[in-house]
Structures are given as C-alpha cells and as structure tokens.
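**Student:** Here you go, one structure.
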Amino acid sequence: MVTTLYRPEPSLVREGEPVDRGSSPRRAALRLRDGDTLFVTDAWHTALVVLRALREVLGEPPRGADFPTRNAARRAWLDASARLFVPVVDHQVALSGAPHLHFLAELYPELDRFGLPFVASLDLFNAWKKYADGVHLAVLGHRIHPFYGTYAPTRTSHLELFGTWLAQDSGPRGRAVDVGTGSGVLALMLCRAGFAEVLATDISPNAVRSVEREIARHDPPPPITTRQADLLQGVEGLFDRIVFNPPWVQGVVESPLDRALVFDGDLFERFFEQALARLAPDGRVVLVFSNVIELVQPDVGHPIAAELARGRFREVQVLRRRVQGTLTPDGKKRRTREKVEVWELARA
Ligand SMILES: C[S@@+](CC[C@H](N)C(=O)[O-])C[C@H]1O[C@@H](n2cnc3c(N)ncnc32)[C@H](O)[C@@H]1O
C-alpha cells in the first residue's frame, strides 16, 4: 500500500501582498528577500520576471567560494523564492499564460483552491515534461517515465557497469530485490536478465507509483512487485540477489527527494543488517556505488568497506570503471578522478 504521495506543500491561507505586471520586479524581489510573502495575480510571465529579478538581487556567491558560503547563498535563494506564490484553482494555475500542470489533479485531489510556491509550479512543469517525454536508457533499450518526485538517472556509467556485472553473473535467476528502486531501472534490468521474480522497494511513495506505472506500460508486464518500505523492513522470504544503488554521499536530508542523493544516520548499517537476514544461503548483495565519497568526503569513511571490516560479509569482487568527464562550457573535457563501482558481497 502506498501512503500519501509526496507533493509541494500547498498554502491554504491565500494571503500575501499581490504582485502583477504593474509592480516593480526589483521591488518585489527585495521584499521576497526581506521575508515578505507575495502572490502573483495576473500572469505566469509576471512570476518569471520577479523570479529573475530575485536572482539578480541575491546574486551569485563569488567564484571559488567555500562550501558554507555557497550553502548560505543556496539557502537564501530557496527561502526567498519559496515566498512567491501563484494561485491554483480547479487543479490549474489560475494565471494567464500558465502551462497546464498535469500532476496537480493527482497530487491534490482533495483541494480545489490553494496557493503554491511558483518555484514548485516550475518543478511540477519540468517533472511533467520528463514524465511525458520519458528518459531513454540504452541499458534498457527503451524510455522510462519517472513520476513526479522520483529519482531518474541522468548519467549512465554506473548502470552500464551494473549491466556488465549482471551479464557475467552465473548465479540462480530466482528471486531478486531492488532496494531503493527509484524509477525502477535496476528492477527492469534484473527482469531483462531473466530473474523470475523481482521485488522493487522504495521509501518514497512517488517512486512506488512510478514503478507501478512503468509495469503497466509493458505487455507482457515484467515480473516486478512493488512495496513501499524503509529498506527491507517488513519484507519476507529470501533473495538470491539483493541489489541497492544507495545515495553516494553523506548529507542532510531535508526533503524526501534528498534521500535519493544523500544518506544520513545509520542507513548502511540498517541495510546490511536487514540484507543479512533476507539473503539466500548462496545469495549475493550487490551495491552500485562510486568513489565520490572518498574524493569529496574523505572523513566520512567508506560505508561498504566499514561493513566488510565487521566480518559479516566477504567481498566476492568489485568492478570499477572510470567516469567520462563532462564538457566545460567551452567544449573542453573536464578531468575527473571519479569511478563507479559494483560491489558483490556474499555471506562470510
Ligand atoms: C540513488 S537513488 C537510486 C534509484 C534507482 N535504484 C536507480 O539506480 O536509478 C536511491 C533511491 O533509494 C531510495 N531510498 C533512500 N533511502 C531509502 C530507504 N531508507 N528505504 C528505501 N529506499 C530508500 C530513494 O528514494 C531513491 O529512490
């Protein structure tokens, strides 16, 4: 069962100073910066202009600024931009020129009048485009359609490496679980590799909805069942393969969406504890990971190496592949020391 979908917080009190095309965008931006709440009353374009003015008013942190400075600038932007609201009536943004935000009806079925931060409306718009157009993944040979608020891969070298591991894995193709399935890509790869039964879990109800939609798009449907769960909590039976592509760096989880990218607390300890209880005697735990944690957070410690040191699992193999550097704006290749990794572990 899926609990309430994650959605941008609606504002039921539609108060705030009105802004329209007659208002000074700069003055509106200064008021947002200083803590006022504003409501756009006429056009989508007005909201865009005010947001642009806010960018100018807040400015960018200086080039090469340290992390706290960049973080403070990001926080100031997030706080101030979230104070610019647009009205929603009957599941539409009630402004001239506003695009149709298809997710509104599904995310707010019980509300017909409320306010929404304009930046959240932009997120919903961009999320809909991604959902409708889909994201083509060569490792699957088709597009996936991530539902609003669901992590979808933007780079693919880790998926290709997982595909390499999967192709050379000669173990049983019985039951597998994809923990933290996101938009379901690893679960779908497991099905393509011939697993008879794949369970896809995620703590995010939006991810579970996304994978359920994905399953329904295929004929015949892949043998995936979904479950909203914190890791493997409440999951029964044993698995031949327990697969997890966790967040790769430690961070502060402020919104459910952050859980896709950063981990906090004892996520890895709990995962290994639960995986040990659910692993078939000859089963394997397979983690898709990266050395980025060693590069950017050398003080945190490698969570998989830490688990191996406890002696409950043994390393069967680790595959590593260098990540292609991205291009700089002037077309030069950015060098990177980043490598993606696939860790295959067995019970010790
Ligand atoms: C890096 S994303 C990977 C998504 C997908 N498996 C992929 O490879 O594209 C991590 C996923 O783990 C999920 N997640 C984070 N913490 C979780 C937890 N405690 N229990 C279950 N899923 C969790 C997030 O919601 C997110 O979908």
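We label chains A, B, ... in the order they appear in the structure tokens, count residues from 1 in each chain, and number ligands from 1 in the order shown.
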How would you report the residues lying within 8 Å of ligand 1, as number ranges by chain, if you count only C-alpha atoms and all ligand atoms?

**Tutor:** A: 150-153, 159, 178-187, 201-204, 207, 228-232, 244-248, 256-261, 263, 267, 288

**Student:** Go ahead and dump the residues you just picked, N, CA and C atoms, as a CSV table (one decimal), in the first residue's frame.

**Tutor:**
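Produced file again.csv, reproduced below:
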chain,number,residue,atom,x,y,z
A,150,THR,N,10.4,11.4,-8.3
A,150,THR,CA,11.1,10.2,-8.4
A,150,THR,C,12.5,10.4,-9.0
A,151,TYR,N,13.5,9.8,-8.4
A,151,TYR,CA,14.8,9.9,-8.9
A,151,TYR,C,14.9,9.1,-10.3
A,152,ALA,N,15.5,9.8,-11.3
A,152,ALA,CA,15.8,9.1,-12.5
A,152,ALA,C,17.2,9.4,-12.9
A,153,PRO,N,17.9,8.4,-13.3
A,153,PRO,CA,19.4,8.6,-13.6
A,153,PRO,C,19.6,9.6,-14.7
A,159,LEU,N,25.1,2.4,-14.5
A,159,LEU,CA,24.1,1.4,-14.9
A,159,LEU,C,24.7,0.4,-15.9
A,178,ASP,N,15.3,-5.2,-5.6
A,178,ASP,CA,15.9,-3.9,-5.9
A,178,ASP,C,15.5,-2.9,-4.8
A,179,VAL,N,16.4,-2.7,-3.9
A,179,VAL,CA,16.1,-1.8,-2.7
A,179,VAL,C,16.4,-0.3,-3.2
A,180,GLY,N,15.4,0.5,-2.9
A,180,GLY,CA,15.5,1.9,-3.3
A,180,GLY,C,15.4,2.0,-4.8
A,181,THR,N,14.3,1.5,-5.4
A,181,THR,CA,14.2,1.3,-6.8
A,181,THR,C,14.1,2.5,-7.7
A,182,GLY,N,13.7,3.7,-7.1
A,182,GLY,CA,13.6,4.9,-7.8
A,182,GLY,C,12.6,4.7,-9.0
A,183,SER,N,13.1,5.0,-10.2
A,183,SER,CA,12.2,4.8,-11.3
A,183,SER,C,12.2,3.4,-11.9
A,184,GLY,N,12.9,2.5,-11.2
A,184,GLY,CA,12.8,1.1,-11.5
A,184,GLY,C,13.8,0.5,-12.4
A,185,VAL,N,14.8,1.3,-12.7
A,185,VAL,CA,15.7,0.9,-13.8
A,185,VAL,C,16.5,-0.5,-13.5
A,186,LEU,N,16.9,-0.6,-12.2
A,186,LEU,CA,17.7,-1.8,-11.9
A,186,LEU,C,16.7,-3.0,-11.8
A,187,ALA,N,15.5,-2.8,-11.3
A,187,ALA,CA,14.5,-3.9,-11.3
A,187,ALA,C,14.2,-4.3,-12.7
A,201,THR,N,11.5,-2.1,-3.9
A,201,THR,CA,11.1,-1.3,-2.7
A,201,THR,C,11.6,0.1,-2.8
A,202,ASP,N,10.9,1.0,-2.2
A,202,ASP,CA,11.4,2.4,-2.0
A,202,ASP,C,10.7,3.0,-0.9
A,203,ILE,N,11.4,3.9,-0.2
A,203,ILE,CA,10.7,4.6,0.9
A,203,ILE,C,9.8,5.7,0.4
A,204,SER,N,10.0,6.1,-0.8
A,204,SER,CA,9.2,7.1,-1.4
A,204,SER,C,8.0,6.6,-2.1
A,207,ALA,N,8.1,7.0,-5.9
A,207,ALA,CA,8.9,6.0,-6.6
A,207,ALA,C,8.0,4.8,-6.9
A,228,GLN,N,6.2,-0.2,-0.7
A,228,GLN,CA,6.8,1.0,-0.1
A,228,GLN,C,7.4,0.5,1.2
A,229,ALA,N,8.7,0.7,1.4
A,229,ALA,CA,9.3,0.2,2.6
A,229,ALA,C,10.6,0.9,2.9
A,230,ASP,N,10.9,1.0,4.2
A,230,ASP,CA,12.2,1.5,4.6
A,230,ASP,C,13.2,0.4,4.4
A,231,LEU,N,14.0,0.5,3.4
A,231,LEU,CA,14.9,-0.6,3.0
A,231,LEU,C,14.1,-1.9,2.8
A,232,LEU,N,14.4,-2.9,3.7
A,232,LEU,CA,13.7,-4.2,3.5
A,232,LEU,C,12.8,-4.5,4.7
A,244,PHE,N,21.2,-2.8,-4.4
A,244,PHE,CA,20.9,-1.5,-3.9
A,244,PHE,C,21.9,-0.5,-4.5
A,245,ASN,N,21.3,0.5,-5.1
A,245,ASN,CA,22.1,1.7,-5.6
A,245,ASN,C,21.7,2.8,-4.6
A,246,PRO,N,22.5,2.9,-3.5
A,246,PRO,CA,22.1,3.9,-2.4
A,246,PRO,C,22.6,5.3,-2.8
A,247,PRO,N,22.2,6.3,-2.0
A,247,PRO,CA,22.9,7.6,-2.2
A,247,PRO,C,24.3,7.4,-2.0
A,248,TRP,N,25.1,8.2,-2.7
A,248,TRP,CA,26.6,8.0,-2.7
A,248,TRP,C,27.4,8.9,-1.7
A,256,PRO,N,12.0,14.6,1.3
A,256,PRO,CA,12.0,13.3,0.9
A,256,PRO,C,12.8,13.1,-0.4
A,257,LEU,N,12.9,14.1,-1.2
A,257,LEU,CA,13.6,14.0,-2.5
A,257,LEU,C,15.1,13.9,-2.3
A,258,ASP,N,15.6,14.5,-1.1
A,258,ASP,CA,17.0,14.4,-0.8
A,258,ASP,C,17.5,13.0,-0.6
A,259,ARG,N,16.6,12.1,-0.2
A,259,ARG,CA,17.0,10.7,0.1
A,259,ARG,C,17.6,10.0,-1.1
A,260,ALA,N,17.3,10.5,-2.3
A,260,ALA,CA,17.8,9.8,-3.5
A,260,ALA,C,19.3,10.1,-3.6
A,261,LEU,N,19.8,11.3,-3.1
A,261,LEU,CA,21.1,11.7,-3.4
A,261,LEU,C,22.1,11.7,-2.2
A,263,PHE,N,22.8,10.3,2.1
A,263,PHE,CA,22.3,9.5,3.2
A,263,PHE,C,22.7,10.2,4.5
A,267,LEU,N,21.8,4.5,7.7
A,267,LEU,CA,21.2,3.9,6.5
A,267,LEU,C,22.0,2.6,6.2
A,288,VAL,N,25.6,-0.8,-6.1
A,288,VAL,CA,26.1,0.1,-7.1
A,288,VAL,C,26.6,1.4,-6.4

**Student:** For segment 4-8 of chain A, find every residue with an atom within 9 Å (counting only C-alpha atoms), except residues of its own chain fewer than 6 positions away, and show them as a list in words.

**Tutor:**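 Using only C-alpha atoms, the neighbours found are Leu107, Tyr108, Leu116, Pro117, Ala120, Ser121, Leu124, Tyr148, Gly149, Ser204, Pro205, Asn206, Arg209, Pro256 and Leu257 of chain A.
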
**Student:** How about saving the chosen residues, N, CA and C atoms kept, as a CSV table (one decimal), in the first residue's frame?

**Tutor:**
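Output below, filename again.csv:
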chain,number,residue,atom,x,y,z
A,107,LEU,N,-2.0,15.0,-7.5
A,107,LEU,CA,-1.3,15.3,-6.2
A,107,LEU,C,-2.2,16.0,-5.2
A,108,TYR,N,-3.2,16.7,-5.6
A,108,TYR,CA,-4.0,17.5,-4.7
A,108,TYR,C,-5.5,17.2,-5.0
A,116,LEU,N,0.5,28.0,-4.3
A,116,LEU,CA,1.6,27.1,-4.5
A,116,LEU,C,2.9,28.0,-4.8
A,117,PRO,N,4.0,27.7,-4.1
A,117,PRO,CA,5.2,28.5,-4.5
A,117,PRO,C,5.4,28.4,-6.0
A,120,ALA,N,7.8,25.8,-7.1
A,120,ALA,CA,7.2,24.4,-7.0
A,120,ALA,C,6.4,24.1,-8.3
A,121,SER,N,5.7,25.2,-8.8
A,121,SER,CA,5.0,25.0,-10.1
A,121,SER,C,5.9,24.8,-11.2
A,124,LEU,N,7.0,21.2,-11.0
A,124,LEU,CA,5.9,20.3,-11.5
A,124,LEU,C,5.8,20.3,-13.0
A,148,TYR,N,6.4,12.3,-10.8
A,148,TYR,CA,6.9,13.4,-10.1
A,148,TYR,C,7.6,13.0,-8.8
A,149,GLY,N,8.7,13.6,-8.5
A,149,GLY,CA,9.4,13.3,-7.2
A,149,GLY,C,10.2,12.0,-7.2
A,204,SER,N,10.0,6.1,-0.8
A,204,SER,CA,9.2,7.1,-1.4
A,204,SER,C,8.0,6.6,-2.1
A,205,PRO,N,6.8,7.1,-1.7
A,205,PRO,CA,5.6,6.6,-2.3
A,205,PRO,C,5.5,7.0,-3.8
A,206,ASN,N,6.2,8.1,-4.2
A,206,ASN,CA,6.2,8.5,-5.6
A,206,ASN,C,7.0,7.5,-6.4
A,209,ARG,N,4.8,4.6,-7.0
A,209,ARG,CA,3.8,4.9,-8.0
A,209,ARG,C,4.5,4.8,-9.4
A,256,PRO,N,12.0,14.6,1.3
A,256,PRO,CA,12.0,13.3,0.9
A,256,PRO,C,12.8,13.1,-0.4
A,257,LEU,N,12.9,14.1,-1.2
A,257,LEU,CA,13.6,14.0,-2.5
A,257,LEU,C,15.1,13.9,-2.3

**Student:** Quick one: residues within 10 Å of Glu60 of chain A, only C-alpha atoms counted, chain neighbours fewer than 2 positions away excluded, as number ranges by chain?

**Tutor:** A: 55-58, 62-63, 65, 70, 73-74, 77

**Student:** Give the strand (DSSP E) residues of segment 164-300 of chain A, as DSSP finds them on the backbone, and put them as JSON, numbers by chain.

**Tutor:** {"A": [175, 176, 177, 178, 179, 197, 198, 199, 200, 201, 202, 224, 225, 226, 227, 228, 239, 240, 241, 242, 243, 244, 249, 250, 262, 263, 279, 280, 281, 282, 283, 284, 285, 286, 287, 288, 289, 290]}

**Student:** What lies within 10 Å of Phe114 of chain A using only C-alpha atoms, ignoring chain neighbours under 4 positions off, as JSON, numbers by chain?

**Tutor:** {"A": [10, 11, 12, 13, 14, 85, 86, 87, 88, 89, 90, 91, 93, 108]}

**Student:** Neighbouring residues of Glu338 of chain A were defined as those with any atom within 12 Å, considering only C-alpha atoms; residues of the same chain fewer than 4 positions away were excluded. Please report them as number ranges by chain.

**Tutor:** A: 157-158, 248, 289-296, 320-326, 334

**Student:** Give me the residues near segment 154-156 of chain A as a PDB file with C-alpha atoms, in the first residue's frame, where near means some atom within 10 Å (using only C-alpha atoms) and where sequence neighbours in that chain fewer than 5 positions away do not count.

**Tutor:**
ATOM      1  CA  VAL A 135      14.131   9.312 -20.435  1.00  0.00           C
ATOM      2  CA  LEU A 137      18.072   4.421 -21.250  1.00  0.00           C
ATOM      3  CA  ALA A 138      20.313   2.411 -23.565  1.00  0.00           C
ATOM      4  CA  VAL A 139      20.750  -0.275 -20.869  1.00  0.00           C
ATOM      5  CA  LEU A 161      28.720  -1.329 -15.066  1.00  0.00           C
ATOM      6  CA  PHE A 162      25.806  -2.998 -13.307  1.00  0.00           C
ATOM      7  CA  VAL A 323      33.529   8.040 -15.340  1.00  0.00           C
ATOM      8  CA  GLN A 324      33.745  10.077 -18.546  1.00  0.00           C
ATOM      9  CA  VAL A 340      31.708   3.996 -10.477  1.00  0.00           C
TER      10      VAL A 340
END

**Student:** Pick the closest to Arg278 of chain A from A:Ala82, A:Ala76, A:Ala176, A:Ile215: which is it, counting only C-alpha atoms?

**Tutor:** A:Ala176

**Student:** Nearest to Glu160 of chain A: which of A:Ala53, A:Gln317, A:Val342, A:Leu279 is it, counting only C-alpha atoms?

**Tutor:**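 Counting only C-alpha atoms, the residue closest to Glu160 of chain A is A:Val342.
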
**Student:** Name all residues at most 10 Å from Leu54 of chain A (count only C-alpha atoms; drop same-chain ones fewer than 5 positions away) and give them as a list in words.

**Tutor:** Pro25, Arg26, Arg27, Ala28, Ala29, Leu30, Arg31, Leu32, Arg33, Leu48, Val49, Gly59, Trp77, Ala80 and Ser81 of chain A

**Student:** Keeping N, CA and C atoms for every residue in the selection just given, could you write it to a file as a tab-separated table (two decimals), in the first residue's frame?

**Tutor:**
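Wrote it out as again00.tsv, contents follow:
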chain	number	residue	atom	x	y	z
A	25	PRO	N	9.45	44.71	-10.57
A	25	PRO	CA	10.03	43.38	-10.27
A	25	PRO	C	11.13	43.47	-9.22
A	26	ARG	N	11.95	44.53	-9.32
A	26	ARG	CA	13.06	44.65	-8.36
A	26	ARG	C	12.54	44.87	-6.95
A	27	ARG	N	11.50	45.73	-6.84
A	27	ARG	CA	10.95	45.97	-5.51
A	27	ARG	C	10.34	44.69	-4.95
A	28	ALA	N	9.65	43.95	-5.83
A	28	ALA	CA	9.05	42.67	-5.39
A	28	ALA	C	10.15	41.71	-4.92
A	29	ALA	N	11.25	41.68	-5.67
A	29	ALA	CA	12.36	40.78	-5.32
A	29	ALA	C	12.96	41.17	-3.96
A	30	LEU	N	13.10	42.47	-3.74
A	30	LEU	CA	13.68	42.92	-2.45
A	30	LEU	C	12.76	42.52	-1.30
A	31	ARG	N	11.46	42.60	-1.54
A	31	ARG	CA	10.51	42.22	-0.47
A	31	ARG	C	10.59	40.73	-0.19
A	32	LEU	N	10.73	39.94	-1.25
A	32	LEU	CA	10.89	38.48	-1.04
A	32	LEU	C	12.15	38.22	-0.22
A	33	ARG	N	13.22	38.90	-0.61
A	33	ARG	CA	14.50	38.71	0.10
A	33	ARG	C	14.33	39.06	1.58
A	48	LEU	N	7.67	34.82	-13.59
A	48	LEU	CA	9.01	34.56	-14.15
A	48	LEU	C	9.90	35.79	-14.02
A	49	VAL	N	9.31	36.96	-14.28
A	49	VAL	CA	10.10	38.20	-14.23
A	49	VAL	C	10.54	38.49	-12.80
A	59	GLY	N	22.16	37.65	-6.21
A	59	GLY	CA	23.50	37.48	-6.79
A	59	GLY	C	24.03	36.07	-6.61
A	77	TRP	N	18.37	31.67	-1.47
A	77	TRP	CA	17.56	31.55	-2.69
A	77	TRP	C	16.33	30.68	-2.44
A	80	ALA	N	13.79	32.60	-0.09
A	80	ALA	CA	13.14	33.79	-0.68
A	80	ALA	C	12.24	33.37	-1.84
A	81	SER	N	12.71	32.46	-2.70
A	81	SER	CA	11.90	32.09	-3.88
A	81	SER	C	10.63	31.35	-3.45
